>>> print(open('model_23.cif').read())   # mmCIF, C-alpha atoms and all ligand atoms
data_coords
#
loop_
_atom_site.label_atom_id
_atom_site.label_comp_id
_atom_site.auth_asym_id
_atom_site.auth_seq_id
_atom_site.Cartn_x
_atom_site.Cartn_y
_atom_site.Cartn_z
CA MET A 153 72.41 116.67 169.17
CA LYS A 154 69.05 115.74 167.68
CA LYS A 155 69.71 118.05 164.74
CA PHE A 156 73.15 116.52 164.31
CA MET A 157 71.70 113.01 164.20
CA SER A 158 69.03 113.96 161.71
CA GLU A 159 71.62 115.69 159.55
CA PHE A 160 73.81 112.62 159.73
CA LYS A 161 70.88 110.39 158.79
CA GLU A 162 70.13 112.64 155.84
CA PHE A 163 73.75 112.49 154.77
CA ALA A 164 74.11 108.71 155.14
CA LEU A 165 70.87 107.93 153.33
CA LYS A 166 71.46 110.41 150.55
CA GLY A 167 71.21 108.83 147.15
CA ASN A 168 74.66 109.85 146.06
CA VAL A 169 76.31 108.13 149.04
CA MET A 170 74.72 104.86 147.94
CA ASP A 171 75.70 105.61 144.35
CA MET A 172 79.26 106.18 145.47
CA ALA A 173 79.34 102.92 147.44
CA ILE A 174 78.08 101.04 144.41
CA GLY A 175 80.62 102.83 142.24
CA VAL A 176 83.45 101.74 144.55
CA ILE A 177 82.26 98.12 144.48
CA ILE A 178 81.84 98.13 140.69
CA GLY A 179 85.24 99.79 140.38
CA ALA A 180 86.89 97.04 142.42
CA ALA A 181 85.16 94.37 140.32
CA PHE A 182 86.21 96.13 137.14
CA GLY A 183 89.79 96.21 138.42
CA ASN A 184 89.63 92.41 138.65
CA ILE A 185 88.47 92.23 135.03
CA VAL A 186 91.37 94.42 133.90
CA THR A 187 93.83 92.26 135.87
CA ALA A 188 92.34 89.10 134.36
CA LEU A 189 92.49 90.63 130.88
CA THR A 190 96.14 91.48 131.41
CA ASP A 191 97.11 88.08 132.86
CA CYS A 192 95.03 85.91 130.53
CA PHE A 193 95.32 87.70 127.20
CA ILE A 194 97.94 90.41 127.13
CA GLN A 195 100.80 88.65 128.90
CA PRO A 196 100.61 85.57 126.57
CA ILE A 197 100.61 87.93 123.55
CA ILE A 198 103.69 89.67 124.92
CA ALA A 199 105.34 86.27 125.46
CA LEU A 200 104.33 85.21 121.93
CA ILE A 201 105.93 88.20 120.18
CA GLY A 202 109.31 87.36 121.54
CA GLY A 203 108.76 88.30 125.11
CA THR A 204 110.89 90.87 126.75
CA GLU A 205 113.34 89.44 129.22
CA VAL A 206 116.32 91.72 129.40
CA HIS A 207 119.13 90.36 131.51
CA GLY A 208 121.94 92.49 132.74
CA THR A 209 123.46 93.94 135.84
CA ILE A 210 126.19 96.42 136.52
CA PRO A 211 128.24 95.45 139.57
CA LEU A 212 128.91 98.27 141.99
CA GLY A 213 132.54 97.86 142.77
CA ASN A 214 133.33 95.01 145.14
CA SER A 215 130.33 95.66 147.39
CA GLY A 216 128.36 92.73 146.03
CA GLN A 217 125.54 95.14 145.13
CA ALA A 218 124.58 95.59 141.49
CA LEU A 219 122.37 97.78 139.37
CA ASP A 220 119.77 95.40 137.93
CA TYR A 221 119.05 97.36 134.77
CA GLY A 222 117.78 94.19 133.03
CA THR A 223 114.74 93.81 135.27
CA PHE A 224 114.05 97.53 135.03
CA LEU A 225 114.20 97.52 131.22
CA THR A 226 111.95 94.47 131.11
CA ALA A 227 109.33 96.29 133.18
CA VAL A 228 109.55 99.43 131.02
CA ILE A 229 109.29 97.54 127.71
CA ASN A 230 106.43 95.36 128.95
CA PHE A 231 104.59 98.49 130.10
CA ILE A 232 104.97 100.11 126.68
CA ILE A 233 103.73 96.95 124.92
CA MET A 234 100.79 96.66 127.31
CA ALA A 235 99.86 100.32 126.83
CA LEU A 236 99.99 99.80 123.06
CA ILE A 237 97.72 96.72 123.24
CA LEU A 238 95.27 98.46 125.59
CA PHE A 239 95.24 101.47 123.25
CA CYS A 240 94.35 99.20 120.33
CA ILE A 241 91.60 97.48 122.36
CA ILE A 242 90.09 100.83 123.40
CA LYS A 243 90.26 102.12 119.83
CA ALA A 244 88.49 98.99 118.56
CA THR A 245 85.86 99.25 121.32
CA ASN A 246 85.18 102.89 120.48
CA LYS A 247 84.71 101.96 116.83
CA LEU A 248 82.24 99.22 117.80
CA MET A 249 80.30 101.69 119.97
CA GLU A 250 80.07 104.10 117.03
CA LEU A 251 78.80 101.32 114.75
CA GLY A 252 76.00 100.59 117.20
CA LYS A 253 74.77 104.17 117.11
CA LYS A 254 72.13 104.98 114.53
CA PRO A 255 72.30 108.38 112.85
CA GLU A 256 69.63 110.73 114.16
CA PRO A 257 66.59 110.72 111.87
CA LYS A 258 65.95 114.09 110.30
CA ALA A 259 62.90 115.87 111.67
CA ALA A 260 60.01 115.95 109.22
CA PRO A 261 59.50 119.43 107.80
CA THR A 262 56.64 121.35 109.44
CA THR A 263 56.70 124.40 107.16
CA LYS A 264 56.70 125.06 103.42
CA LYS A 265 57.20 128.12 101.25
CA CYS A 266 54.25 129.87 99.75
CA PRO A 267 54.79 129.74 95.95
CA TYR A 268 53.42 133.30 95.55
CA CYS A 269 55.07 135.33 98.31
CA LEU A 270 57.78 132.84 99.35
CA SER A 271 56.89 133.20 103.07
CA GLU A 272 57.30 130.28 105.48
CA ILE A 273 53.86 128.85 106.21
CA PRO A 274 52.64 125.66 107.96
CA ILE A 275 52.86 122.60 105.72
CA GLU A 276 49.12 121.90 106.20
CA ALA A 277 48.02 125.40 105.12
CA THR A 278 45.63 125.74 102.19
CA LYS A 279 45.62 129.53 102.30
CA CYS A 280 48.72 131.68 102.79
CA ALA A 281 48.63 133.77 105.95
CA HIS A 282 50.82 136.45 104.37
CA CYS A 283 49.38 137.02 100.89
CA THR A 284 46.04 135.19 101.34
CA SER A 285 46.59 133.19 98.12
CA ASP A 286 44.80 129.88 97.81
CA LEU A 287 47.37 127.13 97.81
CA PRO A 288 47.19 123.83 95.98
CA LYS A 289 46.96 120.85 98.34
CA ALA A 290 50.39 119.35 98.81
ZN ZN Z 301 51.85 133.75 100.36
#
>>> encode(input="model_23.cif", output="structure tokens")
Amino acid sequence: MKKFMSEFKEFALKGNVMDMAIGVIIGAAFGNIVTALTDCFIQPIIALIGGTEVHGTIPLGNSGQALDYGTFLTAVINFIIMALILFCIIKATNKLMELGKKPEPKAAPTTKKCPYCLSEIPIEATKCAHCTSDLPKA
């Protein structure tokens, strides 16, 4: 039982359990941001570009029940528009991220070619290690 408790303690206090808990909390908060983005920005844009209210039902005989294809089509079209807008936002964000990155600076050369034997030698060398020629200072 003592071993079990110590194992449990090790498990519960493991770094990745805390990381996971934080990840879940951040994830929930991020979900709120996505919902707010949808409600505050994307829905008005959808409404602006003509909205998508499809009305229509197909009555099912005399039962009083009906197939509400209008509501269904509205949901499908709004989903496609939202996916399109989100796709554009993600594409723009990725482009911004790329702009922020600086190209890797090229490493300074550490070797040069001996002008007499064409071997690779250290850039600071004043005498070639291969042909023993005296080299002019670079
Ligand atoms: Zn040489």
>>> residues_near_ligand(input="model_23.cif", ligand="ligand ZN 301 (chain Z)", cutoff="12 Å", atoms="all atoms listed in the file", output="PyMOL selection string")
chain A and resi 264-274+277-288
>>> axis_aligned_box(input="model_23.cif", around="segment 238-241 of chain A", padding_each_side="5 Å", output="lines of an AutoDock Vina configuration file")
center_x = 93.4
center_y = 99.5
center_z = 123.0
size_x = 13.7
size_y = 14.0
size_z = 15.3
>>> atom_distance(input="model_23.cif", atom1="atom CA of Thr223 of chain A", atom2="atom CA of Leu200 of chain A")
19.0 Å
>>> atom_distance(input="model_23.cif", atom1="atom CA of Ile232 of chain A", atom2="atom CA of Ala181 of chain A")
24.7 Å
>>> closest_residue(input="model_23.cif", among="A:Ile237, A:Met172, A:Leu212, A:Leu251", to="Ile197 of chain A", atoms="all atoms listed in the file")
A:Ile237
>>> atom_distance(input="model_23.cif", atom1="atom CA of Ile275 of chain A", atom2="atom CA of Pro257 of chain A")
19.2 Å
>>> build_atoms(input="model_23.cif", residues="segment 181-192 of chain A", atoms="N, CA, C and O atoms", output="PDB file, keeping the file's coordinate frame")
ATOM      1  N   ALA A 181      85.428  95.514 141.185  1.00  0.00           N
ATOM      2  CA  ALA A 181      85.160  94.370 140.320  1.00  0.00           C
ATOM      3  C   ALA A 181      85.763  94.597 138.946  1.00  0.00           C
ATOM      4  O   ALA A 181      86.337  93.681 138.352  1.00  0.00           O
ATOM      5  N   PHE A 182      85.669  95.823 138.457  1.00  0.00           N
ATOM      6  CA  PHE A 182      86.210  96.130 137.140  1.00  0.00           C
ATOM      7  C   PHE A 182      87.734  96.001 137.151  1.00  0.00           C
ATOM      8  O   PHE A 182      88.331  95.531 136.182  1.00  0.00           O
ATOM      9  N   GLY A 183      88.344  96.379 138.286  1.00  0.00           N
ATOM     10  CA  GLY A 183      89.790  96.210 138.420  1.00  0.00           C
ATOM     11  C   GLY A 183      90.189  94.754 138.245  1.00  0.00           C
ATOM     12  O   GLY A 183      91.190  94.446 137.598  1.00  0.00           O
ATOM     13  N   ASN A 184      89.361  93.833 138.807  1.00  0.00           N
ATOM     14  CA  ASN A 184      89.630  92.410 138.650  1.00  0.00           C
ATOM     15  C   ASN A 184      89.570  92.002 137.182  1.00  0.00           C
ATOM     16  O   ASN A 184      90.380  91.197 136.722  1.00  0.00           O
ATOM     17  N   ILE A 185      88.603  92.570 136.460  1.00  0.00           N
ATOM     18  CA  ILE A 185      88.470  92.230 135.030  1.00  0.00           C
ATOM     19  C   ILE A 185      89.714  92.689 134.280  1.00  0.00           C
ATOM     20  O   ILE A 185      90.256  91.956 133.457  1.00  0.00           O
ATOM     21  N   VAL A 186      90.181  93.909 134.600  1.00  0.00           N
ATOM     22  CA  VAL A 186      91.370  94.420 133.900  1.00  0.00           C
ATOM     23  C   VAL A 186      92.572  93.545 134.212  1.00  0.00           C
ATOM     24  O   VAL A 186      93.351  93.196 133.320  1.00  0.00           O
ATOM     25  N   THR A 187      92.716  93.131 135.496  1.00  0.00           N
ATOM     26  CA  THR A 187      93.830  92.260 135.870  1.00  0.00           C
ATOM     27  C   THR A 187      93.746  90.943 135.127  1.00  0.00           C
ATOM     28  O   THR A 187      94.749  90.440 134.601  1.00  0.00           O
ATOM     29  N   ALA A 188      92.513  90.373 135.050  1.00  0.00           N
ATOM     30  CA  ALA A 188      92.340  89.100 134.360  1.00  0.00           C
ATOM     31  C   ALA A 188      92.667  89.257 132.882  1.00  0.00           C
ATOM     32  O   ALA A 188      93.333  88.391 132.292  1.00  0.00           O
ATOM     33  N   LEU A 189      92.209  90.365 132.299  1.00  0.00           N
ATOM     34  CA  LEU A 189      92.490  90.630 130.880  1.00  0.00           C
ATOM     35  C   LEU A 189      93.991  90.677 130.645  1.00  0.00           C
ATOM     36  O   LEU A 189      94.514  90.078 129.702  1.00  0.00           O
ATOM     37  N   THR A 190      94.693  91.362 131.546  1.00  0.00           N
ATOM     38  CA  THR A 190      96.140  91.480 131.410  1.00  0.00           C
ATOM     39  C   THR A 190      96.802  90.106 131.534  1.00  0.00           C
ATOM     40  O   THR A 190      97.611  89.713 130.696  1.00  0.00           O
ATOM     41  N   ASP A 191      96.437  89.351 132.594  1.00  0.00           N
ATOM     42  CA  ASP A 191      97.110  88.080 132.860  1.00  0.00           C
ATOM     43  C   ASP A 191      96.763  87.032 131.817  1.00  0.00           C
ATOM     44  O   ASP A 191      97.609  86.223 131.443  1.00  0.00           O
ATOM     45  N   CYS A 192      95.497  87.010 131.376  1.00  0.00           N
ATOM     46  CA  CYS A 192      95.030  85.910 130.530  1.00  0.00           C
ATOM     47  C   CYS A 192      95.256  86.170 129.056  1.00  0.00           C
ATOM     48  O   CYS A 192      95.399  85.227 128.286  1.00  0.00           O
TER      49      CYS A 192
END
